[in-house]
$ cat my_file-v3.csv   # CSV, C-alpha atoms
chain,number,residue,atom,x,y,z
N,25,MET,CA,0.7,-65.4,2.0
N,26,THR,CA,1.0,-64.4,-1.6
N,27,THR,CA,3.8,-64.9,-4.0
N,28,GLY,CA,3.2,-63.2,-7.2
N,29,GLU,CA,3.5,-64.8,-10.6
N,30,GLY,CA,7.0,-64.8,-11.9
N,31,THR,CA,8.5,-64.4,-8.5
N,32,GLN,CA,11.3,-66.7,-9.4
N,33,ARG,CA,12.5,-64.5,-12.3
N,34,ILE,CA,13.0,-61.4,-10.2
N,35,PRO,CA,16.4,-61.2,-8.6
N,36,SER,CA,16.5,-61.2,-4.8
N,37,SER,CA,18.4,-57.9,-4.9
N,38,LEU,CA,15.5,-56.2,-6.6
N,39,ARG,CA,12.8,-57.8,-4.4
N,40,THR,CA,14.8,-56.7,-1.3
N,41,GLU,CA,15.1,-53.2,-2.6
N,42,ALA,CA,11.4,-53.2,-3.4
N,43,LEU,CA,10.5,-54.5,0.1
N,44,GLU,CA,12.7,-51.9,1.8
N,45,GLN,CA,11.0,-49.1,-0.2
N,46,LEU,CA,7.5,-50.3,0.6
N,47,LEU,CA,8.4,-50.6,4.3
N,48,THR,CA,10.1,-47.3,4.4
N,49,GLU,CA,7.1,-45.6,2.8
N,50,ARG,CA,4.9,-47.0,5.6
N,51,GLY,CA,7.3,-45.8,8.2
N,52,LEU,CA,8.1,-49.3,9.4
N,53,VAL,CA,11.7,-49.3,8.5
N,54,ASP,CA,14.2,-46.5,8.5
N,55,PRO,CA,17.2,-47.0,6.2
N,56,GLN,CA,19.6,-45.5,8.7
N,57,THR,CA,18.4,-47.8,11.4
N,58,LEU,CA,19.0,-50.7,8.9
N,59,ASP,CA,22.5,-49.4,8.3
N,60,ALA,CA,23.2,-49.4,12.0
N,61,ILE,CA,21.8,-52.9,12.6
N,62,ILE,CA,23.9,-54.2,9.7
N,63,ALA,CA,27.1,-52.4,10.9
N,64,THR,CA,26.5,-53.9,14.4
N,65,TYR,CA,26.4,-57.5,13.1
N,66,GLU,CA,29.2,-57.0,10.6
N,67,THR,CA,31.7,-55.5,13.1
N,68,ASN,CA,30.6,-55.7,16.7
N,69,VAL,CA,28.8,-58.9,17.3
N,70,GLY,CA,31.0,-61.9,17.0
N,71,PRO,CA,32.7,-64.9,18.5
N,72,LEU,CA,34.8,-62.8,20.9
N,73,ASN,CA,31.8,-62.5,23.2
N,74,GLY,CA,31.5,-66.3,23.5
N,75,ALA,CA,35.3,-66.5,23.8
N,76,LYS,CA,35.2,-64.2,26.8
N,77,VAL,CA,32.6,-66.4,28.5
N,78,VAL,CA,34.7,-69.5,27.9
N,79,ALA,CA,38.0,-67.9,29.1
N,80,LYS,CA,36.2,-66.7,32.3
N,81,ALA,CA,34.9,-70.1,33.0
N,82,TRP,CA,38.4,-71.6,32.5
N,83,THR,CA,40.0,-69.2,35.0
N,84,ASP,CA,37.2,-68.8,37.5
N,85,PRO,CA,35.8,-72.1,39.0
N,86,GLY,CA,32.9,-70.3,40.6
N,87,TYR,CA,31.9,-68.8,37.3
N,88,ARG,CA,32.2,-72.1,35.6
N,89,ARG,CA,29.9,-73.8,38.0
N,90,ARG,CA,27.3,-71.0,37.6
N,91,LEU,CA,27.7,-71.1,33.9
N,92,LEU,CA,27.0,-74.8,33.7
N,93,ALA,CA,24.1,-74.6,36.2
N,94,ASP,CA,22.4,-71.6,34.7
N,95,GLY,CA,24.0,-70.4,31.4
N,96,THR,CA,21.4,-67.7,30.9
N,97,ALA,CA,22.1,-66.0,34.2
N,98,ALA,CA,25.9,-66.4,34.0
N,99,ILE,CA,26.0,-64.9,30.5
N,100,LYS,CA,23.6,-62.1,31.5
N,101,ASP,CA,26.3,-61.1,34.1
N,102,LEU,CA,28.6,-60.3,31.2
N,103,GLY,CA,25.9,-58.5,29.2
N,104,PHE,CA,25.9,-60.8,26.3
N,105,LEU,CA,22.2,-61.7,26.1
N,106,GLY,CA,20.1,-60.2,23.2
N,107,VAL,CA,18.3,-61.0,20.0
N,108,GLN,CA,18.5,-64.7,19.2
N,109,THR,CA,20.4,-65.3,22.5
N,110,GLU,CA,17.7,-64.9,25.1
N,111,TYR,CA,18.2,-68.3,26.8
N,112,VAL,CA,21.4,-70.2,26.8
N,113,ASN,CA,22.3,-73.7,27.9
N,114,VAL,CA,26.1,-74.4,28.3
N,115,VAL,CA,27.5,-77.9,28.0
N,116,GLU,CA,31.0,-78.8,28.8
N,117,ASN,CA,33.3,-80.9,26.7
N,118,THR,CA,35.6,-83.3,28.5
N,119,PRO,CA,38.0,-86.1,27.4
N,120,HIS,CA,35.2,-88.6,27.6
N,121,SER,CA,32.1,-86.6,26.6
N,122,HIS,CA,31.8,-84.3,23.5
N,123,HIS,CA,28.9,-82.0,22.7
N,124,VAL,CA,28.1,-80.5,19.3
N,125,VAL,CA,25.3,-78.1,18.3
N,126,VAL,CA,23.1,-78.0,15.2
N,127,CYS,CA,19.8,-76.4,14.2
N,128,THR,CA,18.1,-79.2,12.2
N,129,LEU,CA,15.2,-77.0,10.9
N,130,CYS,CA,16.8,-73.7,10.1
N,131,SER,CA,19.8,-71.9,11.5
N,132,CYS,CA,19.2,-70.9,15.1
N,133,TYR,CA,22.4,-69.8,16.6
N,134,PRO,CA,23.5,-67.6,19.6
N,135,TRP,CA,24.2,-64.4,17.6
N,136,GLN,CA,25.3,-62.4,20.6
N,137,LEU,CA,27.9,-64.9,21.6
N,138,LEU,CA,29.1,-66.2,18.2
N,139,GLY,CA,28.0,-63.7,15.6
N,140,LEU,CA,25.9,-64.7,12.7
N,141,PRO,CA,26.2,-68.4,11.7
N,142,PRO,CA,28.9,-69.5,9.2
N,143,SER,CA,27.7,-71.1,5.9
N,144,TRP,CA,28.5,-74.7,6.9
N,145,TYR,CA,26.2,-74.3,9.9
N,146,LYS,CA,23.3,-73.3,7.6
N,147,ASP,CA,24.1,-76.0,5.1
N,148,PRO,CA,21.5,-78.7,4.6
N,149,ALA,CA,24.2,-81.4,4.7
N,150,TYR,CA,25.5,-80.4,8.1
N,151,ARG,CA,22.0,-79.9,9.5
N,152,ALA,CA,20.8,-83.4,8.4
N,153,ARG,CA,24.0,-85.4,8.8
N,154,VAL,CA,25.4,-84.4,12.1
N,155,VAL,CA,22.4,-85.9,13.9
N,156,ARG,CA,22.7,-89.2,12.1
N,157,GLU,CA,26.4,-89.7,12.0
N,158,PRO,CA,28.1,-87.1,14.2
N,159,ARG,CA,31.4,-88.9,14.5
N,160,LYS,CA,31.8,-89.1,10.7
N,161,VAL,CA,30.8,-85.5,10.2
N,162,LEU,CA,33.2,-84.3,12.9
N,163,SER,CA,35.9,-86.3,11.4
N,164,GLU,CA,35.3,-84.8,7.9
N,165,MET,CA,35.5,-81.4,9.6
N,166,GLY,CA,38.9,-82.3,11.0
N,167,LEU,CA,38.0,-83.5,14.5
N,168,ASP,CA,38.7,-87.1,15.0
N,169,LEU,CA,37.3,-88.4,18.3
N,170,PRO,CA,38.2,-91.8,19.8
N,171,ASP,CA,35.4,-94.3,19.7
N,172,ASP,CA,35.1,-94.3,23.5
N,173,VAL,CA,34.2,-90.6,23.6
N,174,LYS,CA,30.4,-90.1,24.0
N,175,ILE,CA,29.0,-87.6,21.5
N,176,THR,CA,25.8,-85.7,22.3
N,177,VAL,CA,24.2,-83.6,19.6
N,178,HIS,CA,22.0,-80.6,20.7
N,179,ASP,CA,19.3,-79.3,18.4
N,180,SER,CA,18.8,-75.6,18.9
N,181,SER,CA,15.5,-75.4,17.0
N,182,SER,CA,13.7,-73.8,19.9
N,183,GLU,CA,14.1,-70.7,22.1
N,184,VAL,CA,17.1,-72.2,23.8
N,185,ARG,CA,20.5,-71.6,22.3
N,186,TRP,CA,23.5,-73.8,23.1
N,187,LEU,CA,27.1,-72.9,23.9
N,188,VAL,CA,29.8,-75.5,24.1
N,189,LEU,CA,32.4,-74.9,26.8
N,190,PRO,CA,35.5,-76.5,25.1
N,191,GLU,CA,38.3,-78.2,27.0
N,192,ARG,CA,41.1,-75.9,28.1
N,193,PRO,CA,44.2,-76.9,26.1
N,194,MET,CA,47.2,-78.4,28.0
N,195,GLY,CA,50.1,-76.0,28.6
N,196,THR,CA,48.0,-72.8,28.9
N,197,GLU,CA,48.3,-72.6,32.7
N,198,GLN,CA,50.4,-69.4,32.5
N,199,LEU,CA,48.0,-67.5,30.1
N,200,SER,CA,45.8,-64.7,31.3
N,201,GLU,CA,42.0,-64.7,30.8
N,202,GLU,CA,42.5,-62.3,27.9
N,203,GLN,CA,45.2,-64.4,26.3
N,204,LEU,CA,43.0,-67.5,26.7
N,205,ALA,CA,40.0,-65.8,25.0
N,206,ALA,CA,42.1,-65.2,22.0
N,207,LEU,CA,42.6,-68.9,21.5
N,208,VAL,CA,38.8,-69.8,21.5
N,209,THR,CA,37.3,-70.2,18.1
N,210,ARG,CA,33.7,-70.1,16.9
N,211,GLU,CA,34.0,-73.7,15.8
N,212,ALA,CA,35.1,-74.9,19.2
N,213,MET,CA,32.1,-73.2,20.8
N,214,VAL,CA,29.8,-75.1,18.4
N,215,GLY,CA,31.6,-78.3,19.1
N,216,VAL,CA,33.1,-79.1,15.7
N,217,ALA,CA,36.7,-78.3,16.8
N,218,LYS,CA,39.0,-78.3,19.8
N,219,VAL,CA,40.8,-75.3,21.1
N,220,GLU,CA,44.5,-75.6,20.3
N,221,ALA,CA,47.3,-74.3,22.6
N,222,PRO,CA,49.3,-71.4,21.0
P,22,MET,CA,22.3,-55.9,22.7
P,23,SER,CA,25.7,-57.0,23.5
P,24,ALA,CA,28.6,-55.0,24.8
P,25,PRO,CA,30.9,-53.4,22.3
P,26,VAL,CA,33.9,-55.6,21.5
P,27,ASP,CA,37.3,-54.9,20.1
P,28,ALA,CA,36.9,-55.2,16.3
P,29,ASP,CA,40.6,-55.4,15.8
P,30,GLY,CA,41.4,-58.0,18.5
P,31,PRO,CA,42.6,-61.5,17.9
P,32,ALA,CA,39.2,-63.0,17.7
P,33,ALA,CA,37.8,-60.0,15.7
P,34,PRO,CA,34.5,-60.7,14.1
P,35,PRO,CA,33.4,-61.6,11.6
P,36,ARG,CA,36.2,-62.0,9.2
P,37,SER,CA,38.7,-63.7,11.5
P,38,ASN,CA,37.2,-67.0,10.5
P,39,GLY,CA,37.8,-66.3,6.9
P,40,GLU,CA,34.2,-65.7,5.9
P,41,LEU,CA,32.3,-62.5,5.2
P,42,VAL,CA,29.0,-62.2,7.1
P,43,PHE,CA,27.1,-61.3,4.0
P,44,ALA,CA,28.0,-62.3,0.5
P,45,GLU,CA,26.0,-59.6,-1.2
P,46,PRO,CA,24.6,-56.2,-0.1
P,47,TRP,CA,21.0,-57.3,-0.5
P,48,GLU,CA,21.5,-60.1,2.0
P,49,SER,CA,22.5,-57.6,4.7
P,50,ARG,CA,19.4,-55.5,3.9
P,51,ALA,CA,17.1,-58.5,4.1
P,52,PHE,CA,18.8,-59.5,7.4
P,53,GLY,CA,18.5,-55.9,8.8
P,54,MET,CA,14.9,-55.6,7.8
P,55,ALA,CA,13.9,-58.7,9.7
P,56,VAL,CA,15.8,-57.6,12.8
P,57,ALA,CA,14.4,-54.0,12.6
P,58,LEU,CA,10.8,-55.2,12.2
P,59,TYR,CA,11.2,-57.7,15.0
P,60,GLU,CA,12.7,-55.0,17.3
P,61,ALA,CA,9.8,-52.7,16.3
P,62,GLY,CA,7.3,-55.4,17.4
P,63,VAL,CA,5.8,-55.9,13.9
P,64,PHE,CA,6.3,-59.7,14.4
P,65,SER,CA,7.7,-62.0,17.0
P,66,TRP,CA,10.9,-63.9,16.4
P,67,PRO,CA,9.2,-67.3,16.6
P,68,GLN,CA,6.8,-66.1,13.9
P,69,PHE,CA,9.8,-65.3,11.7
P,70,GLN,CA,11.5,-68.5,12.6
P,71,ALA,CA,8.5,-70.6,11.7
P,72,ALA,CA,8.3,-68.9,8.3
P,73,LEU,CA,12.0,-69.5,7.7
P,74,ILE,CA,11.7,-73.2,8.7
P,75,SER,CA,8.7,-73.5,6.4
P,76,ARG,CA,10.6,-72.0,3.4
P,77,ILE,CA,13.6,-74.2,4.0
P,78,GLU,CA,11.4,-77.3,4.4
P,79,ARG,CA,9.6,-76.5,1.2
P,80,TRP,CA,12.9,-76.1,-0.7
P,81,GLN,CA,14.3,-79.3,0.7
P,82,ALA,CA,11.2,-81.3,-0.2
P,83,THR,CA,11.4,-80.2,-3.9
P,84,ALA,CA,15.0,-79.3,-4.6
P,85,THR,CA,16.9,-81.5,-7.0
P,86,GLU,CA,20.4,-82.6,-6.2
P,87,ARG,CA,21.9,-79.8,-8.4
P,88,ALA,CA,19.7,-77.1,-7.0
P,89,ARG,CA,21.7,-74.2,-5.6
P,90,TRP,CA,21.3,-73.7,-1.8
P,91,HIS,CA,21.1,-70.0,-1.0
P,92,TYR,CA,20.3,-69.3,2.6
P,93,TYR,CA,19.4,-65.7,2.3
P,94,GLU,CA,16.9,-66.4,-0.5
P,95,HIS,CA,14.9,-68.4,2.1
P,96,TRP,CA,15.4,-65.7,4.6
P,97,LEU,CA,14.0,-63.1,2.2
P,98,GLY,CA,11.1,-65.5,1.3
P,99,ALA,CA,10.3,-65.9,5.0
P,100,LEU,CA,10.4,-62.1,5.5
P,101,GLU,CA,7.9,-61.6,2.7
P,102,ASP,CA,5.7,-64.3,4.1
P,103,VAL,CA,5.7,-62.9,7.6
P,104,VAL,CA,5.3,-59.3,6.4
P,105,SER,CA,2.3,-60.1,4.3
P,106,GLY,CA,0.7,-61.7,7.4
P,107,CYS,CA,1.3,-58.6,9.5
P,108,ILE,CA,0.9,-55.5,7.4
P,109,ASP,CA,-0.6,-54.4,4.1
P,110,VAL,CA,2.3,-55.4,1.9
P,111,ASP,CA,2.1,-58.7,0.1
P,112,GLY,CA,4.1,-60.6,-2.5
P,113,ASP,CA,2.3,-59.0,-5.4
P,114,ASP,CA,3.1,-55.5,-4.2
P,115,ILE,CA,6.7,-56.5,-3.9
P,116,THR,CA,6.8,-58.0,-7.3
P,117,ALA,CA,5.2,-54.9,-8.9
P,118,ARG,CA,7.6,-52.6,-7.2
P,119,ALA,CA,10.6,-54.8,-8.1
P,120,ARG,CA,9.5,-54.8,-11.7
P,121,ALA,CA,9.3,-51.0,-11.7
P,122,LEU,CA,12.8,-50.9,-10.2
P,123,ALA,CA,14.0,-53.2,-12.9
P,124,GLU,CA,12.9,-50.7,-15.6
P,125,ARG,CA,15.0,-47.9,-14.3
P,126,PRO,CA,17.4,-46.7,-17.0
P,127,ALA,CA,21.0,-47.7,-16.7
P,128,GLY,CA,23.0,-45.3,-14.5
P,129,HIS,CA,19.9,-44.3,-12.6
P,130,ASP,CA,21.9,-44.1,-9.4
P,131,HIS,CA,24.7,-42.2,-10.9
P,132,VAL,CA,24.8,-38.5,-9.8
P,133,HIS,CA,25.8,-36.1,-12.5
$ encode --input "my_file-v3.csv" --output "structure tokens"
Amino acid sequence: MTTGEGTQRIPSSLRTEALEQLLTERGLVDPQTLDAIIATYETNVGPLNGAKVVAKAWTDPGYRRRLLADGTAAIKDLGFLGVQTEYVNVVENTPHSHHVVVCTLCSCYPWQLLGLPPSWYKDPAYRARVVREPRKVLSEMGLDLPDDVKITVHDSSSEVRWLVLPERPMGTEQLSEEQLAALVTREAMVGVAKVEAP
Amino acid sequence: MSAPVDADGPAAPPRSNGELVFAEPWESRAFGMAVALYEAGVFSWPQFQAALISRIERWQATATERARWHYYEHWLGALEDVVSGCIDVDGDDITARARALAERPAGHDHVH
């Protein structure tokens, strides 16, 4: 690896443009392909995929069982596996047991289910602190859990990505699968929030 | 890749949670290049991931409290590292090209 003298003084925007030119000249990158990839992640890939998985699990007990037993296979059925989401473990939050996900070393995240990670997930403070003092960090993020709730922190710094199956909120018995999906937030599927009834 | 989703639906990504995916255009280009090179088989994702972890660790080991955290700068650094290990483009080439780009006259991209 080489980092040239004065690397720090060159703005990242210029280094990025330079790298794209060098890669394009070598036929390794096609600017139009880049445009398409970026457009996909800006508009198509996002938390709605994960929300659909959650809503299906809430309304279909058989799917919920399969999802918890083999998340990868159950999510594959819905077509949501892909880059950064090749293997998925699903963990279920209950009134007594709460799961929260972090990537302690970088920012591993199930892109195909939740989109690209939000800035707080990439932040060094969240990555370091949620392991040491999860109850306090969750409380600071607006989720106060009673002391008798067991908290488990899952580190996604490997090939496996984690998806939290949040608790279905009370009073949503009449809602359709589609209406339920609309309630499920990215934060709830990482385990830093609960799903609220409408 | 995942199935298409309704971009206007109630959980429409990525702005529904109040945050843009990329703060600046170069971040999206750096992101897209990593994905494109990975999809083309130039490097494996674990290779890129290891480079990213290494960049972040190095920053965390040396950063002062007031140092600015900028995720995509580490992403770009990791991309440069992994590219220079795979193909004939290294940090010096990138620096030289970036310097040349910096010397373009103002309005170079303005079509008359």
$ residues_around --input "my_file-v3.csv" --residues "Ala60 (chain N)" --least-positions-apart "6" --cutoff "12 Å" --atoms "all atoms listed in the file" --output "JSON, numbers by chain"
{"N": [54, 66, 67, 68], "P": [49, 50, 52, 53, 54, 56, 57]}
$ atom_distance --input "my_file-v3.csv" --atom1 "CA of Gln70 (chain P)" --atom2 "CA of Ile108 (chain P)"
17.6 Å
$ closest_residue --input "my_file-v3.csv" --among "N:Pro119, N:Pro85, N:Pro134, N:Gly95" --to "chain P" --atoms "all atoms listed in the file"
N:Pro134
$ closest_residue --input "my_file-v3.csv" --among "P:Ala72, P:Trp47, P:His91, P:Ala82" --to "chain N" --atoms "all atoms listed in the file"
P:Trp47
$ closest_residue --input "my_file-v3.csv" --among "P:Leu58, P:Ala51, P:Val42, P:Ala84" --to "Val104 (chain P)" --atoms "all atoms listed in the file"
P:Leu58
$ atom_distance --input "my_file-v3.csv" --atom1 "CA of Gln56 (chain N)" --atom2 "CA of Asp109 (chain P)"
22.5 Å
$ residues_around --input "my_file-v3.csv" --residues "Phe64 (chain P)" --least-positions-apart "3" --cutoff "8 Å" --atoms "all atoms listed in the file" --output "PyMOL selection string"
chain P and resi 58-59+68-69+103+107
